file work.cif (mmCIF, C-alpha atoms)
data_final
loop_
_atom_site.label_atom_id
_atom_site.label_comp_id
_atom_site.auth_asym_id
_atom_site.auth_seq_id
_atom_site.Cartn_x
_atom_site.Cartn_y
_atom_site.Cartn_z
CA MET A 284 41.73 -22.83 -108.62
CA VAL A 285 43.30 -20.56 -106.01
CA ILE A 286 39.90 -20.25 -104.34
CA THR A 287 39.53 -24.05 -104.34
CA TYR A 288 42.85 -24.49 -102.53
CA ALA A 289 42.00 -21.66 -100.13
CA VAL A 290 38.67 -23.31 -99.23
CA MET A 291 40.32 -26.71 -98.71
CA SER A 292 42.96 -25.12 -96.45
CA LEU A 293 40.24 -23.38 -94.44
CA VAL A 294 38.20 -26.57 -94.08
CA ALA A 295 41.30 -28.51 -92.99
CA ALA A 296 42.15 -25.86 -90.38
CA LEU A 297 38.55 -25.86 -89.12
CA LEU A 298 38.61 -29.65 -88.75
CA LEU A 299 41.78 -29.35 -86.65
CA VAL A 300 40.17 -26.69 -84.45
CA VAL A 301 36.95 -28.74 -84.09
CA TYR A 302 38.94 -31.83 -83.09
CA ILE A 303 40.95 -29.87 -80.50
CA ILE A 304 37.86 -28.22 -79.02
CA LEU A 305 35.27 -31.01 -79.13
CA VAL A 306 37.26 -34.17 -78.46
CA ARG A 307 38.11 -34.37 -74.79
CA LYS A 308 40.28 -37.51 -74.90
CA LYS A 309 42.58 -36.90 -77.84
CA GLU A 310 44.49 -39.60 -79.68
CA PRO A 311 47.99 -38.21 -80.44
CA TRP A 312 48.23 -39.86 -83.88
CA LEU A 313 44.79 -38.67 -84.89
CA LEU A 314 45.72 -35.15 -83.76
CA LEU A 315 48.89 -35.40 -85.85
CA LEU A 316 46.77 -36.53 -88.79
CA TYR A 317 44.65 -33.37 -88.59
CA VAL A 318 47.76 -31.22 -88.31
CA CYS A 319 49.26 -32.94 -91.38
CA VAL A 320 46.06 -32.54 -93.43
CA THR A 321 46.17 -28.83 -92.62
CA VAL A 322 49.85 -28.58 -93.57
CA VAL A 323 49.29 -30.45 -96.87
CA ASN A 324 46.45 -28.19 -97.94
CA MET A 325 48.27 -25.05 -96.82
CA GLY A 326 51.25 -26.12 -98.93
CA TYR A 327 49.08 -26.56 -102.01
CA PHE A 328 47.43 -23.18 -101.40
CA LEU A 329 50.80 -21.44 -101.10
CA LEU A 330 51.93 -23.21 -104.27
CA SER A 331 48.84 -21.98 -106.12
CA ILE A 332 49.65 -18.33 -105.30
CA SER A 333 53.39 -18.63 -106.01
CA LYS A 334 54.99 -16.02 -108.25
CA THR A 335 58.51 -17.44 -108.35
CA VAL A 336 59.98 -20.91 -108.77
CA SER A 337 61.83 -20.68 -105.45
CA PHE A 338 58.64 -19.92 -103.51
CA ALA A 339 56.80 -22.67 -105.39
CA VAL A 340 59.51 -25.17 -104.39
CA PHE A 341 59.19 -23.98 -100.76
CA ALA A 342 55.40 -24.47 -100.89
CA ASN A 343 55.86 -27.87 -102.53
CA ASP A 344 58.17 -28.89 -99.67
CA ILE A 345 55.49 -27.85 -97.14
CA ALA A 346 52.88 -29.97 -98.93
CA TYR A 347 55.23 -32.97 -99.04
CA LEU A 348 56.17 -32.53 -95.37
CA GLY A 349 52.52 -32.84 -94.42
CA SER A 350 51.88 -35.70 -96.83
CA VAL A 351 54.90 -37.75 -95.74
CA PHE A 352 53.95 -37.69 -92.07
CA LEU A 353 50.21 -37.85 -92.80
CA SER A 354 50.74 -41.36 -94.16
CA MET A 355 52.51 -42.27 -90.94
CA SER A 356 49.81 -40.74 -88.71
CA MET A 357 47.04 -42.44 -90.69
CA LEU A 358 48.71 -45.84 -90.38
CA LEU A 359 49.26 -45.44 -86.63
CA THR A 360 45.68 -44.22 -86.18
CA ILE A 361 44.35 -47.28 -88.03
CA ILE A 362 46.63 -49.61 -86.03
CA LYS A 363 45.21 -48.12 -82.83
CA LEU A 364 41.59 -48.26 -84.04
CA CYS A 365 42.08 -51.87 -85.11
CA GLY A 366 43.09 -52.79 -81.56
CA PHE A 367 46.80 -53.46 -82.12
CA GLU A 368 49.56 -52.21 -79.84
CA ILE A 369 51.78 -49.43 -81.19
CA LYS A 370 55.37 -50.17 -80.19
CA LYS A 371 58.01 -47.48 -79.75
CA GLN A 372 60.35 -49.28 -82.16
CA LEU A 373 57.73 -48.96 -84.90
CA ILE A 374 57.35 -45.24 -84.26
CA VAL A 375 61.13 -44.75 -84.48
CA VAL A 376 61.34 -46.71 -87.75
CA LEU A 377 58.47 -44.75 -89.30
CA LEU A 378 59.95 -41.43 -88.20
CA VAL A 379 63.31 -42.34 -89.75
CA LEU A 380 61.64 -43.45 -92.99
CA GLY A 381 59.54 -40.29 -93.08
CA GLY A 382 62.56 -38.11 -92.44
CA ALA A 383 64.53 -39.88 -95.18
CA MET A 384 61.63 -39.51 -97.62
CA PHE A 385 61.30 -35.80 -96.91
CA ALA A 386 65.06 -35.33 -97.21
CA ILE A 387 64.86 -36.78 -100.74
CA VAL A 388 62.01 -34.41 -101.65
CA ALA A 389 63.87 -31.45 -100.13
CA THR A 390 66.62 -31.86 -102.73
CA VAL A 391 64.28 -30.25 -105.29
CA GLY A 392 65.90 -27.10 -106.64
CA ILE A 393 69.29 -28.18 -105.27
CA LEU A 394 69.98 -31.59 -106.83
CA PRO A 395 68.36 -33.29 -109.84
CA TRP A 396 67.48 -36.43 -107.90
CA TYR A 397 63.75 -36.04 -107.29
CA TYR A 398 62.96 -33.59 -110.11
CA LYS A 399 65.51 -33.12 -112.88
CA GLU A 400 63.90 -29.92 -114.12
CA ILE A 401 61.22 -27.60 -112.74
CA SER A 402 59.40 -24.56 -114.10
CA LEU A 403 56.42 -22.50 -113.02
CA VAL A 404 53.25 -22.46 -115.13
CA PHE A 405 49.79 -21.04 -114.50
CA VAL A 406 46.56 -23.02 -114.97
CA ASP A 407 43.20 -21.26 -114.43
CA GLY A 408 44.98 -18.50 -112.53
CA ALA A 409 46.82 -20.87 -110.18
CA ALA A 410 50.55 -21.54 -110.17
CA LYS A 411 51.73 -25.09 -110.78
CA LEU A 412 55.13 -26.73 -110.95
CA GLU A 413 55.98 -28.39 -114.25
CA LYS A 414 58.38 -31.22 -113.46
CA VAL A 415 60.70 -33.62 -115.17
CA TYR A 416 61.04 -36.55 -112.79
CA GLY A 417 64.43 -37.65 -111.54
CA VAL A 418 65.78 -41.08 -110.67
CA LEU A 419 64.55 -40.95 -107.04
CA HIS A 420 61.00 -39.85 -107.80
CA PRO A 421 59.57 -43.42 -107.70
CA THR A 422 60.62 -43.69 -104.04
CA TYR A 423 57.60 -41.62 -102.98
CA LEU A 424 55.24 -43.87 -104.90
CA VAL A 425 56.77 -46.91 -103.18
CA TYR A 426 56.53 -45.07 -99.84
CA LEU A 427 52.80 -44.37 -100.28
CA LEU A 428 51.92 -47.82 -101.62
CA ALA A 429 53.79 -49.49 -98.75
CA TYR A 430 51.74 -47.49 -96.25
CA PHE A 431 48.46 -48.23 -98.03
CA ALA A 432 49.29 -51.94 -98.20
CA THR A 433 50.16 -52.02 -94.48
CA MET A 434 46.86 -50.31 -93.61
CA VAL A 435 44.92 -52.90 -95.61
CA VAL A 436 46.80 -55.76 -93.92
CA CYS A 437 46.06 -54.27 -90.46
CA ILE A 438 42.35 -54.03 -91.20
CA ILE A 439 42.18 -57.57 -92.62
CA GLN A 440 44.10 -59.01 -89.66
CA SER A 441 41.90 -57.14 -87.20
CA ILE A 442 38.74 -58.51 -88.85
CA ARG A 443 40.21 -62.04 -88.99
CA LYS A 444 41.08 -61.93 -85.29
CA LYS A 445 37.75 -60.25 -84.47
CA MET A 446 39.50 -57.30 -82.85
CA ILE A 447 37.04 -54.84 -84.41
CA ALA A 448 33.68 -55.16 -82.70
CA SER A 449 31.60 -53.74 -85.54
CA GLN A 450 31.79 -54.86 -89.17
CA ARG A 451 30.51 -51.42 -90.15
CA TYR A 452 33.48 -49.90 -88.33
CA ALA A 453 35.86 -52.15 -90.26
CA ALA A 454 34.15 -51.24 -93.52
CA LEU A 455 34.53 -47.55 -92.67
CA LEU A 456 38.26 -47.91 -92.09
CA ALA A 457 38.61 -49.88 -95.33
CA ALA A 458 36.67 -47.17 -97.18
CA ILE A 459 39.09 -44.53 -95.88
CA VAL A 460 42.14 -46.45 -97.09
CA PHE A 461 40.69 -47.39 -100.47
CA GLY A 462 39.42 -43.83 -100.91
CA ASN A 463 42.97 -42.58 -100.56
CA ILE A 464 44.25 -45.25 -102.94
CA ALA A 465 41.62 -44.12 -105.45
CA GLY A 466 42.70 -40.51 -104.92
CA TRP A 467 46.30 -41.45 -105.60
CA LEU A 468 45.33 -43.33 -108.78
CA VAL A 469 43.27 -40.39 -110.06
CA GLU A 470 46.12 -37.98 -109.39
CA LYS A 471 48.69 -40.30 -110.96
CA PHE A 472 46.97 -41.48 -114.12
CA ILE A 473 44.17 -39.01 -114.93
CA PRO A 474 44.90 -35.36 -115.87
CA TRP A 475 43.44 -33.21 -113.09
CA ASN A 476 44.17 -29.60 -112.22
CA VAL A 477 43.50 -30.08 -108.51
CA GLU A 478 45.85 -32.18 -106.36
CA PHE A 479 43.30 -34.95 -105.86
CA LEU A 480 45.14 -36.76 -103.06
CA SER A 481 44.78 -33.68 -100.85
CA VAL A 482 41.00 -33.83 -101.43
CA SER A 483 40.87 -37.51 -100.42
CA TYR A 484 42.94 -36.74 -97.30
CA LEU A 485 40.41 -34.05 -96.40
CA PHE A 486 37.49 -36.45 -96.73
CA SER A 487 39.40 -39.02 -94.66
CA ALA A 488 39.79 -36.46 -91.89
CA LEU A 489 36.07 -35.71 -92.02
CA ILE A 490 35.15 -39.40 -91.77
CA LEU A 491 37.59 -40.06 -88.93
CA LEU A 492 36.21 -37.08 -87.01
CA GLY A 493 32.76 -38.66 -87.29
#
call {"tool": "encode", "arguments": {"input": "work.cif", "output": "C-alpha cells"}}
result
Amino acid sequence: MVITYAVMSLVAALLLVVYIILVRKKEPWLLLLYVCVTVVNMGYFLLSISKTVSFAVFANDIAYLGSVFLSMSMLLTIIKLCGFEIKKQLIVVLLVLGGAMFAIVATVGILPWYYKEISLVFVDGAAKLEKVYGVLHPTYLVYLLAYFATMVVCIIQSIRKKMIASQRYAALLAAIVFGNIAGWLVEKFIPWNVEFLSVSYLFSALILLG
C-alpha cells in the first residue's frame, strides 16, 4: 500500500511538472488544481508511512488541505471551460468557505468536533487512521456534494445555452465530475484500503491535461 501511495504521489507531481513545462498559456485555476492533486496524494503517502498518531494527523491535515481547495479549483476550472465569467466575489466566498472547512478539519487531535477519537492502525504495511466521527464530520460531505452539484449545474447550463462548442467536450467535463462522485461513493460506502477519491482526482487531472 505504501508503494501505491508513493506511485500516485509521483504521478501527481509529474503531471504538475508536465503542465508547467508544456502548457505555455496557463490557466491559474487549472494550475492550482494540479498543485492540489499533488498535495492530496503527498498527504496520503505521508499518512501511509506514519509511525505516530501526531504525524498521521499532520499528514491527514495535508491531504485535507489539498482536497478542500482542489474542489474549489476544479469548480472554477469547469466554470471557465464552460464559458462563464469568474467573478472576484465568488473567489472570495469560495476561499472563505474553504478556509472554514479546513479550520474544522484542523481541530483533529485538539478538539473532538471532527473526529471524537483517533488511533493508528496498519493495513498491508501502511498506516491508517481509525476514526470515530464527531458532530462536525458531515460538514465535509455537504461541502463536497455542494461542489459536485454546482459543477453539474454549470455544465448543464452551459449546454443549454450552447456555450460549449463541442458536445464531446461537454461529455468529457461531465465524465470528470461524475467520476469524482463515483470515487466519493466508493470511498464512503464500500470498504477499500486505498483512498479512492485521491485516485479519481488523479484521473481527473490526467483527463484535463489532455
call {"tool": "closest_residue", "arguments": {"input": "work.cif", "among": "A:Ser487, A:Ser441, A:Asn463, A:Thr390", "to": "Leu364 (chain A)", "atoms": "only C-alpha atoms"}}
result
A:Ser441
call {"tool": "resolve_selection", "arguments": {"input": "work.cif", "expression": "the PyMOL selection byres ((chain A and resi 451-455) around 9)", "output": "PyMOL selection string"}}
result
chain A and resi 365+438-439+441-442+447-450+456-460+490-491
call {"tool": "write_last_selection", "arguments": {"input": "work.cif", "atoms": "C-alpha atoms", "output": "tab-separated table (two decimals), in the frame of the given file"}}
result
chain	number	residue	atom	x	y	z
A	365	CYS	CA	42.08	-51.87	-85.11
A	438	ILE	CA	42.35	-54.03	-91.20
A	439	ILE	CA	42.18	-57.57	-92.62
A	441	SER	CA	41.90	-57.14	-87.20
A	442	ILE	CA	38.74	-58.51	-88.85
A	447	ILE	CA	37.04	-54.84	-84.41
A	448	ALA	CA	33.68	-55.16	-82.70
A	449	SER	CA	31.60	-53.74	-85.54
A	450	GLN	CA	31.79	-54.86	-89.17
A	456	LEU	CA	38.26	-47.91	-92.09
A	457	ALA	CA	38.61	-49.88	-95.33
A	458	ALA	CA	36.67	-47.17	-97.18
A	459	ILE	CA	39.09	-44.53	-95.88
A	460	VAL	CA	42.14	-46.45	-97.09
A	490	ILE	CA	35.15	-39.40	-91.77
A	491	LEU	CA	37.59	-40.06	-88.93
call {"tool": "closest_atom_pairs", "arguments": {"input": "work.cif", "of": "region 319-378 of chain A", "to": "region 302-312 of chain A", "cutoff": "8 Å", "atoms": "all atoms listed in the file", "output": "CSV"}}
result
residue,atom,partner,partner_atom,distance
A:Ser356,CA,A:Trp312,CA,5.2
A:Met357,CA,A:Trp312,CA,7.4
A:Leu359,CA,A:Trp312,CA,6.3
A:Thr360,CA,A:Trp312,CA,5.5
call {"tool": "closest_residue", "arguments": {"input": "work.cif", "among": "A:Leu419, A:Val336, A:Val320, A:Leu315", "to": "Leu293 (chain A)", "atoms": "only C-alpha atoms"}}
result
A:Val320
call {"tool": "resolve_selection", "arguments": {"input": "work.cif", "expression": "the PyMOL selection byres ((chain A and resi 349) around 10)", "output": "list in words"}}
result
Leu315, Leu316, Tyr317, Val318, Cys319, Val320, Thr321, Val322, Val323, Asn324, Met325, Gly326, Asp344, Ile345, Ala346, Tyr347, Leu348, Ser350, Val351, Phe352, Leu353, Ser354 and Phe385 of chain A
call {"tool": "closest_residue", "arguments": {"input": "work.cif", "among": "A:Leu329, A:Leu314, A:Phe461, A:Val482", "to": "Tyr430 (chain A)", "atoms": "only C-alpha atoms"}}
result
A:Phe461
call {"tool": "closest_residue", "arguments": {"input": "work.cif", "among": "A:Met291, A:Leu330, A:Ile286, A:Val391", "to": "His420 (chain A)", "atoms": "only C-alpha atoms"}}
result
A:Val391
call {"tool": "closest_residue", "arguments": {"input": "work.cif", "among": "A:Leu424, A:Leu377, A:Ala339, A:Ala295", "to": "Ile401 (chain A)", "atoms": "only C-alpha atoms"}}
result
A:Ala339
call {"tool": "closest_residue", "arguments": {"input": "work.cif", "among": "A:Val301, A:Ile369, A:Val375, A:Val388", "to": "Tyr423 (chain A)", "atoms": "all atoms listed in the file"}}
result
A:Val388
call {"tool": "atom_distance", "arguments": {"input": "work.cif", "atom1": "CA of Leu489 (chain A)", "atom2": "CA of Leu298 (chain A)"}}
result
7.3 Å
call {"tool": "decode", "arguments": {"input": "work.cif", "residues": "region 419-489 of chain A", "atoms": "C-alpha atoms", "output": "mmCIF file, in the first residue's frame"}}
result
data_model
loop_
_atom_site.group_PDB
_atom_site.id
_atom_site.type_symbol
_atom_site.label_atom_id
_atom_site.label_comp_id
_atom_site.auth_asym_id
_atom_site.auth_seq_id
_atom_site.Cartn_x
_atom_site.Cartn_y
_atom_site.Cartn_z
ATOM 1 C CA LEU A 419 -18.973 18.281 12.550
ATOM 2 C CA HIS A 420 -17.797 15.448 10.316
ATOM 3 C CA PRO A 421 -20.849 15.639 7.992
ATOM 4 C CA THR A 422 -19.867 19.203 7.050
ATOM 5 C CA TYR A 423 -17.182 17.882 4.692
ATOM 6 C CA LEU A 424 -19.670 15.609 2.950
ATOM 7 C CA VAL A 425 -22.013 18.573 2.478
ATOM 8 C CA TYR A 426 -19.044 20.656 1.261
ATOM 9 C CA LEU A 427 -18.086 18.082 -1.392
ATOM 10 C CA LEU A 428 -21.646 17.390 -2.546
ATOM 11 C CA ALA A 429 -22.348 21.120 -2.870
ATOM 12 C CA TYR A 430 -19.314 21.490 -5.134
ATOM 13 C CA PHE A 431 -20.236 18.461 -7.234
ATOM 14 C CA ALA A 432 -23.815 19.702 -7.602
ATOM 15 C CA THR A 433 -22.611 23.165 -8.663
ATOM 16 C CA MET A 434 -20.294 21.624 -11.275
ATOM 17 C CA VAL A 435 -23.171 19.608 -12.730
ATOM 18 C CA VAL A 436 -25.409 22.703 -12.847
ATOM 19 C CA CYS A 437 -22.658 24.688 -14.638
ATOM 20 C CA ILE A 438 -22.239 22.000 -17.282
ATOM 21 C CA ILE A 439 -25.999 21.655 -17.839
ATOM 22 C CA GLN A 440 -26.458 25.435 -18.093
ATOM 23 C CA SER A 441 -23.540 25.724 -20.492
ATOM 24 C CA ILE A 442 -25.015 23.017 -22.749
ATOM 25 C CA ARG A 443 -28.495 24.583 -22.553
ATOM 26 C CA LYS A 444 -27.127 27.994 -23.546
ATOM 27 C CA LYS A 445 -24.846 26.403 -26.172
ATOM 28 C CA MET A 446 -21.757 27.925 -24.588
ATOM 29 C CA ILE A 447 -19.765 24.718 -25.123
ATOM 30 C CA ALA A 448 -18.985 24.314 -28.810
ATOM 31 C CA SER A 449 -18.479 20.554 -28.748
ATOM 32 C CA GLN A 450 -20.888 18.044 -27.220
ATOM 33 C CA ARG A 451 -17.933 15.702 -26.760
ATOM 34 C CA TYR A 452 -16.233 18.398 -24.700
ATOM 35 C CA ALA A 453 -19.329 18.732 -22.517
ATOM 36 C CA ALA A 454 -19.495 14.965 -22.107
ATOM 37 C CA LEU A 455 -15.838 14.927 -21.063
ATOM 38 C CA LEU A 456 -16.424 17.533 -18.364
ATOM 39 C CA ALA A 457 -19.485 15.628 -17.148
ATOM 40 C CA ALA A 458 -17.441 12.407 -17.043
ATOM 41 C CA ILE A 459 -14.837 14.122 -14.854
ATOM 42 C CA VAL A 460 -17.449 15.301 -12.354
ATOM 43 C CA PHE A 461 -19.391 12.044 -12.240
ATOM 44 C CA GLY A 462 -16.118 10.110 -11.993
ATOM 45 C CA ASN A 463 -15.289 12.028 -8.837
ATOM 46 C CA ILE A 464 -18.798 11.487 -7.472
ATOM 47 C CA ALA A 465 -18.360 7.763 -8.118
ATOM 48 C CA GLY A 466 -14.986 7.879 -6.364
ATOM 49 C CA TRP A 467 -16.568 9.544 -3.361
ATOM 50 C CA LEU A 468 -19.355 6.942 -3.237
ATOM 51 C CA VAL A 469 -16.872 4.064 -3.436
ATOM 52 C CA GLU A 470 -14.775 5.557 -0.652
ATOM 53 C CA LYS A 471 -17.819 6.291 1.500
ATOM 54 C CA PHE A 472 -19.859 3.118 1.202
ATOM 55 C CA ILE A 473 -17.535 0.327 0.036
ATOM 56 C CA PRO A 474 -14.631 -0.935 2.196
ATOM 57 C CA TRP A 475 -11.432 -0.049 0.343
ATOM 58 C CA ASN A 476 -7.882 0.143 1.640
ATOM 59 C CA VAL A 477 -6.843 2.863 -0.810
ATOM 60 C CA GLU A 478 -8.274 6.389 -0.533
ATOM 61 C CA PHE A 479 -10.310 6.076 -3.725
ATOM 62 C CA LEU A 480 -11.161 9.767 -4.079
ATOM 63 C CA SER A 481 -7.455 10.578 -4.473
ATOM 64 C CA VAL A 482 -7.332 8.079 -7.367
ATOM 65 C CA SER A 483 -10.311 9.728 -9.083
ATOM 66 C CA TYR A 484 -8.703 13.160 -8.609
ATOM 67 C CA LEU A 485 -5.576 11.822 -10.294
ATOM 68 C CA PHE A 486 -7.534 10.554 -13.289
ATOM 69 C CA SER A 487 -9.361 13.890 -13.485
ATOM 70 C CA ALA A 488 -6.024 15.679 -13.677
ATOM 71 C CA LEU A 489 -4.906 13.349 -16.460
#
